[in-house]
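These notes are about the structure you will find just below.
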Amino acid sequence: MGDLVIEGAVRTGTSFNLNYGRVKQSTAGFRVLHKGQPVTWRDEKGGTSELVFWEAWTLPDAPRPAVLAANRATYLITQEGGAHRIQLLRGAYHDNASWQWLDAGGRAGERYKVYLRDQISGPRELRGGNALALSGNTLLDVRTLQTRPMNLAGDFEQLKLTNGYSAGDNAAILYSASALQVAALGANQAGTFAVGSRSNPDFAMVVLDIPTGNQYAVPFDRHAARLADPQEDATPAWAARHFEWRPDAQGRMRLQLRVLTQPEPWLGRFRDRPRSDTDTRSTRYLLMPADERMIEPLVALIERDFGGKRVPLTRDEPAGSKIRLEVNGLPISIRRHSAEPGSAPFVEVATDVPVTSKLAPGSSWKLEFSYEPDKIRATNQQVVNLGEHIDRLLAQGQLQSFFTTIPKKPE
């Protein structure tokens with residue numbers, strides 16, 4: 001980019017490992033050169049050091065040559081006329097440097113965290129949006145290279161403004177370019193700090209007004225918003241379905257709950273869905289939040305629509321721990337999992353190929369255990385077929401009365 005060049009190198013050496021002895025170890029690093037010379041940094045004591053980064057990218061849509069580079073700290077390096085300029089956007093901190101587009105394709109993208117790597121891979125440029133959130137504290141306008149403070153984590157004073165809700169280190173999931181506000185999922189912290197109340201909803205959208213640096217919260221009912229698993233469900237798509245930017249009574253643009261005629265249906269979710277034809281991890285399909293009331297109607301559905309047949313538990317499985325079914329001769333199980341207060345209980349349909357054992361030939365004590373990868377793969381596909389069918393029925397409103405509530409954390 002102009003007179004700026006990203007130079008990457010992988011250095012390989014050996015180190016001693018207690019388990020494996022001397023092992024070969026590779027470390028990737030990057031330098032940024034200006035007119036062939038590595039850029040340097042002058043510290044507070046006046047010393048000068050060459051900067052080495054874990055990652056570095058060009059910003060092709062910037063108005064002049066620019067490179068974003070990071071190790072634990074985050075730097076913006078630009079070409080200014082015939083010289084270069086280095087801005088320290090965030091010093092080295094205990095958590096990783098990161099970047100995230102807030103407006104890629106009209107919504108917030110995934111947050112990318114910077115790690116020390118062992119190889120150079122991936123593109124060396126960032127493009128796709130205008131608003132780039134950097135390391136949890138800076139908003140960079142790529143079109144102008146102007147920066148603004150953007151601290152969603154907040155502090156105790158911000159906790160007072162949000163009535164006890166904090167987004168902590170959560171990534172942004174909503175952004176309004178016109179209002180210059182950004183939002184992330186926040187949790188009720190009243191049990192930890194003397195602000196707010198534990199009787200308030202467990203979750204809220206925490207919104208930062210970037211020009212003023214002030215925050216406010218939009219509490220919501222997690223059941224009405226279908227937030228069973230906060231880490232998995234709180235996505236930009238989910239947020240856009242349940243919240244919107246609109247003027248309040250004073251005409252200020254604010255994030256507010258959408259008014260829905262009825263809640264969305266609860267849907268299932270897969271765990272360890274097959275990634276390839278050789279994958280032998282057992283696939284699970286989860287319904288959450290759900291308790292034991294879901295089991296019998298779920299078994300009846302599988303019996304009715306897939307010809308499932310109940311089979312006895314194996315001899316080492318305690319009675320009542322699960323229900324075993326065979327669907328087209330393939331073994332699945334259905335069981336309920338309880339949860340800690342604040343987490344969702346769930347019912348799972350899972351691949352459950354029994355592991356059997358027998359004495360090894362010629363031995364009176366050594367056991368051989370069965371392993372049936374072909375059967376596991378076939379059953380995994382059967383669980384996928386079951387889950388996709390159940391999801392279609394859930395989307396039509398079936399089985400919704402068998403979902404339950406999520407217990408609140410104790411006060």
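Every chain in the structure tokens has a letter given in the order shown (A, B, ...), and although residue numbers restart at 1 in each chain, ligands are simply numbered from 1 in the order shown.
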Which polymer residues have any atom within 12 Å of an atom of Gln256 in chain A, counting only C-alpha atoms, with same-chain residues fewer than 5 positions away left out, as a compact mmCIF listing (two decimals) with C-alpha atoms, in the first residue's frame?
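Output below, filename part17.txt:
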```txt
# COMPACT_ATOMS: atom_id res chain seq x y z
CA LEU A 174 -26.23 -4.14 16.53
CA ALA A 183 -25.27 -2.53 21.25
CA ALA A 204 -30.82 -6.57 28.40
CA MET A 205 -29.31 -5.03 25.31
CA VAL A 206 -26.64 -2.61 26.54
CA VAL A 207 -26.32 0.35 24.18
CA TYR A 216 -28.44 2.73 28.50
CA ALA A 217 -30.12 -0.67 28.73
CA VAL A 218 -33.13 -2.27 27.04
CA PRO A 219 -34.21 -5.14 29.34
CA PHE A 220 -36.26 -7.96 27.81
CA ALA A 239 -31.12 -9.00 17.53
CA ALA A 240 -32.50 -7.55 14.28
CA ARG A 241 -35.66 -9.66 14.65
CA HIS A 242 -36.35 -8.50 18.22
CA PHE A 243 -35.02 -4.92 18.39
CA GLU A 244 -35.10 -1.81 16.23
CA TRP A 245 -33.77 1.76 16.23
CA ARG A 246 -36.64 4.25 16.47
CA PRO A 247 -37.30 7.67 18.04
CA ASP A 248 -38.49 7.77 21.64
CA ALA A 249 -41.08 10.22 23.05
```
Write out as a PDB file with C-alpha atoms, in the first residue's frame each polymer residue whose atoms come within 6 Å of Phe203 in chain A, counting only C-alpha atoms; drop sequence neighbours fewer than 5 positions from it.
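Saved result, out.pdb, follows:
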```
ATOM      1  CA  GLY A 186     -25.747  -7.492  28.648  1.00  0.00           C
ATOM      2  CA  ALA A 187     -26.393  -9.502  31.800  1.00  0.00           C
ATOM      3  CA  ASN A 188     -27.937  -8.383  35.089  1.00  0.00           C
ATOM      4  CA  PRO A 219     -34.215  -5.138  29.339  1.00  0.00           C
TER       5      PRO A 219
END
```
Write out as a VMD selection string all residues of range 25-240 of chain A that backbone DSSP assigns to alpha helix (DSSP H). chain A and resid 156 to 161 230 to 233 236 to 240
Non-local contacts of Ile323 in chain A (10 Å; only C-alpha atoms; under 2 positions in same chain excluded) as a ChimeraX atom specification: /A:295-296,299,310-313,319-321,325,332-336,349
If you count only C-alpha atoms, which residues fall within 8 Å of Asp118 in chain A, apart from same-chain ones fewer than 3 positions away, as a list in words?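 Final neighbour list, sorted by chain and number: Val10, Gln25, Ser26, Thr27 and Ala28 of chain A.
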Those residues with N, CA and C atoms, as an mmCIF file, in the first residue's frame please?
```
data_model
loop_
_atom_site.group_PDB
_atom_site.id
_atom_site.type_symbol
_atom_site.label_atom_id
_atom_site.label_comp_id
_atom_site.auth_asym_id
_atom_site.auth_seq_id
_atom_site.Cartn_x
_atom_site.Cartn_y
_atom_site.Cartn_z
ATOM 1 N N VAL A 10 8.129 -16.800 8.995
ATOM 2 C CA VAL A 10 7.934 -17.892 9.954
ATOM 3 C C VAL A 10 9.307 -18.356 10.413
ATOM 4 N N GLN A 25 9.326 -26.030 16.793
ATOM 5 C CA GLN A 25 8.269 -25.050 17.032
ATOM 6 C C GLN A 25 8.402 -23.900 16.045
ATOM 7 N N SER A 26 7.269 -23.531 15.421
ATOM 8 C CA SER A 26 7.267 -22.442 14.446
ATOM 9 C C SER A 26 6.455 -21.272 14.981
ATOM 10 N N THR A 27 6.916 -20.066 14.702
ATOM 11 C CA THR A 27 6.239 -18.852 15.130
ATOM 12 C C THR A 27 6.172 -17.881 13.956
ATOM 13 N N ALA A 28 4.956 -17.411 13.635
ATOM 14 C CA ALA A 28 4.778 -16.441 12.559
ATOM 15 C C ALA A 28 4.825 -15.031 13.128
#
```
Write out as a count of residues only the residues lying within 12 Å of Ser199 in chain A, counting only C-alpha atoms and excluding same-chain residues fewer than 4 positions away. 14
What lies within 10 Å of range 56-59 of chain A using only C-alpha atoms, ignoring chain neighbours under 6 positions off, as number ranges by chain? A: 1, 4-8, 29-32, 65-71, 74-78, 114, 123-127, 142-143, 145
Non-local contacts of Leu386 in chain A (9 Å; only C-alpha atoms; under 6 positions in same chain excluded) as JSON, numbers by chain: {"A": [285, 302, 306, 349]}
Those in range 205-260 of chain A with strand (DSSP E or B) from DSSP, as JSON, numbers by chain: {"A": [205, 206, 207, 208, 209, 214, 215, 216, 217, 218, 219, 220, 243, 244, 245, 246, 247, 253, 254, 255, 256, 257]}
May I have the residues from that selection written out with N, CA and C atoms, as a short mmCIF file (atom, residue, chain, number, x, y, z; two decimals), in the first residue's frame?
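To be explicit, this is the file written out as again.cif:
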```cif
data_model
loop_
_atom_site.label_atom_id
_atom_site.label_comp_id
_atom_site.auth_asym_id
_atom_site.auth_seq_id
_atom_site.Cartn_x
_atom_site.Cartn_y
_atom_site.Cartn_z
N MET A 205 -30.26 -5.54 26.29
CA MET A 205 -29.31 -5.03 25.31
C MET A 205 -28.68 -3.78 25.93
N VAL A 206 -27.37 -3.77 26.03
CA VAL A 206 -26.64 -2.61 26.54
C VAL A 206 -26.19 -1.79 25.34
N VAL A 207 -26.56 -0.52 25.33
CA VAL A 207 -26.32 0.35 24.18
C VAL A 207 -25.36 1.47 24.57
N LEU A 208 -24.36 1.68 23.73
CA LEU A 208 -23.41 2.78 23.93
C LEU A 208 -23.69 3.87 22.91
N ASP A 209 -23.92 5.08 23.42
CA ASP A 209 -24.01 6.26 22.56
C ASP A 209 -22.58 6.77 22.36
N ASN A 214 -22.04 7.58 26.88
CA ASN A 214 -23.00 7.10 27.87
C ASN A 214 -23.70 5.83 27.38
N GLN A 215 -24.14 5.03 28.34
CA GLN A 215 -24.83 3.79 28.03
C GLN A 215 -26.27 3.83 28.55
N TYR A 216 -27.11 2.99 27.95
CA TYR A 216 -28.44 2.73 28.50
C TYR A 216 -28.77 1.27 28.20
N ALA A 217 -29.77 0.74 28.87
CA ALA A 217 -30.12 -0.67 28.73
C ALA A 217 -31.55 -0.83 28.26
N VAL A 218 -31.78 -1.90 27.49
CA VAL A 218 -33.13 -2.27 27.04
C VAL A 218 -33.41 -3.68 27.56
N PRO A 219 -33.94 -3.80 28.79
CA PRO A 219 -34.21 -5.14 29.34
C PRO A 219 -35.30 -5.86 28.52
N PHE A 220 -35.25 -7.19 28.55
CA PHE A 220 -36.26 -7.96 27.81
C PHE A 220 -36.46 -9.32 28.46
N PHE A 243 -35.27 -6.31 18.00
CA PHE A 243 -35.02 -4.92 18.39
C PHE A 243 -34.94 -4.06 17.15
N GLU A 244 -35.20 -2.75 17.35
CA GLU A 244 -35.10 -1.81 16.23
C GLU A 244 -34.72 -0.43 16.77
N TRP A 245 -34.11 0.37 15.90
CA TRP A 245 -33.77 1.76 16.23
C TRP A 245 -34.97 2.63 15.83
N ARG A 246 -35.54 3.34 16.79
CA ARG A 246 -36.64 4.25 16.47
C ARG A 246 -36.69 5.38 17.49
N PRO A 247 -37.28 6.53 17.12
CA PRO A 247 -37.30 7.67 18.04
C PRO A 247 -38.14 7.37 19.28
N MET A 253 -33.19 9.06 18.86
CA MET A 253 -33.08 7.72 18.30
C MET A 253 -32.57 6.77 19.37
N ARG A 254 -33.33 5.73 19.64
CA ARG A 254 -32.97 4.77 20.70
C ARG A 254 -33.26 3.35 20.22
N LEU A 255 -32.52 2.41 20.77
CA LEU A 255 -32.83 1.01 20.52
C LEU A 255 -34.03 0.62 21.36
N GLN A 256 -35.01 -0.06 20.75
CA GLN A 256 -36.22 -0.45 21.46
C GLN A 256 -36.66 -1.83 21.00
N LEU A 257 -37.42 -2.49 21.86
CA LEU A 257 -37.98 -3.80 21.50
C LEU A 257 -38.96 -3.65 20.36
#
```
Record the distance separating CA of Phe402 in chain A and CA of Leu330 in chain A, expressed in Å with one decimal.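 Computing it gives 26.3 Å between the two atoms.
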Which range 339-360 of chain A residues have any atom within 7 Å of an atom of range 369-379 of chain A, and for each, what is the nearest pair of atoms with distance in Å to one decimal, counting only C-alpha atoms, rows sorted by chain and number, as JSON lines?
```
{"residue": "A:Thr351", "atom": "CA", "partner": "A:Thr379", "partner_atom": "CA", "distance": 5.8}
{"residue": "A:Val353", "atom": "CA", "partner": "A:Ile376", "partner_atom": "CA", "distance": 6.4}
{"residue": "A:Val355", "atom": "CA", "partner": "A:Ser370", "partner_atom": "CA", "distance": 5.6}
{"residue": "A:Thr356", "atom": "CA", "partner": "A:Ser370", "partner_atom": "CA", "distance": 5.3}
{"residue": "A:Ser357", "atom": "CA", "partner": "A:Phe369", "partner_atom": "CA", "distance": 4.4}
{"residue": "A:Lys358", "atom": "CA", "partner": "A:Phe369", "partner_atom": "CA", "distance": 6.7}
```
For the selection you just gave me, I'd like the residues written to a file as a tab-separated table (two decimals), in the first residue's frame, keeping C-alpha atoms.
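The result, stored in again_10.tsv:
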```tsv
chain	number	residue	atom	x	y	z
A	351	THR	CA	-26.83	-41.04	18.13
A	353	VAL	CA	-24.59	-46.82	19.26
A	355	VAL	CA	-20.42	-50.05	23.10
A	356	THR	CA	-20.23	-53.76	23.86
A	357	SER	CA	-17.35	-55.78	25.26
A	358	LYS	CA	-16.24	-59.39	25.22
```
Between A:Val259, A:Leu287, A:Ala97, A:Ala194, smallest distance to Lys160 in chain A by only C-alpha atoms belongs to A:Ala194
Using only C-alpha atoms, find the one residue out of A:Ile120, A:Val182, A:Ala153, A:Met288 that sits nearest to Gly168 in chain A.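 Answer, going by the shortest atom-to-atom distance: A:Ala153.
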Could you tell me how far CA of Gly82 in chain A lies from CA of Thr144 in chain A, in Å and to one decimal?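 Taking CA of Gly82 in chain A and CA of Thr144 in chain A, their separation equals 18.8 Å.
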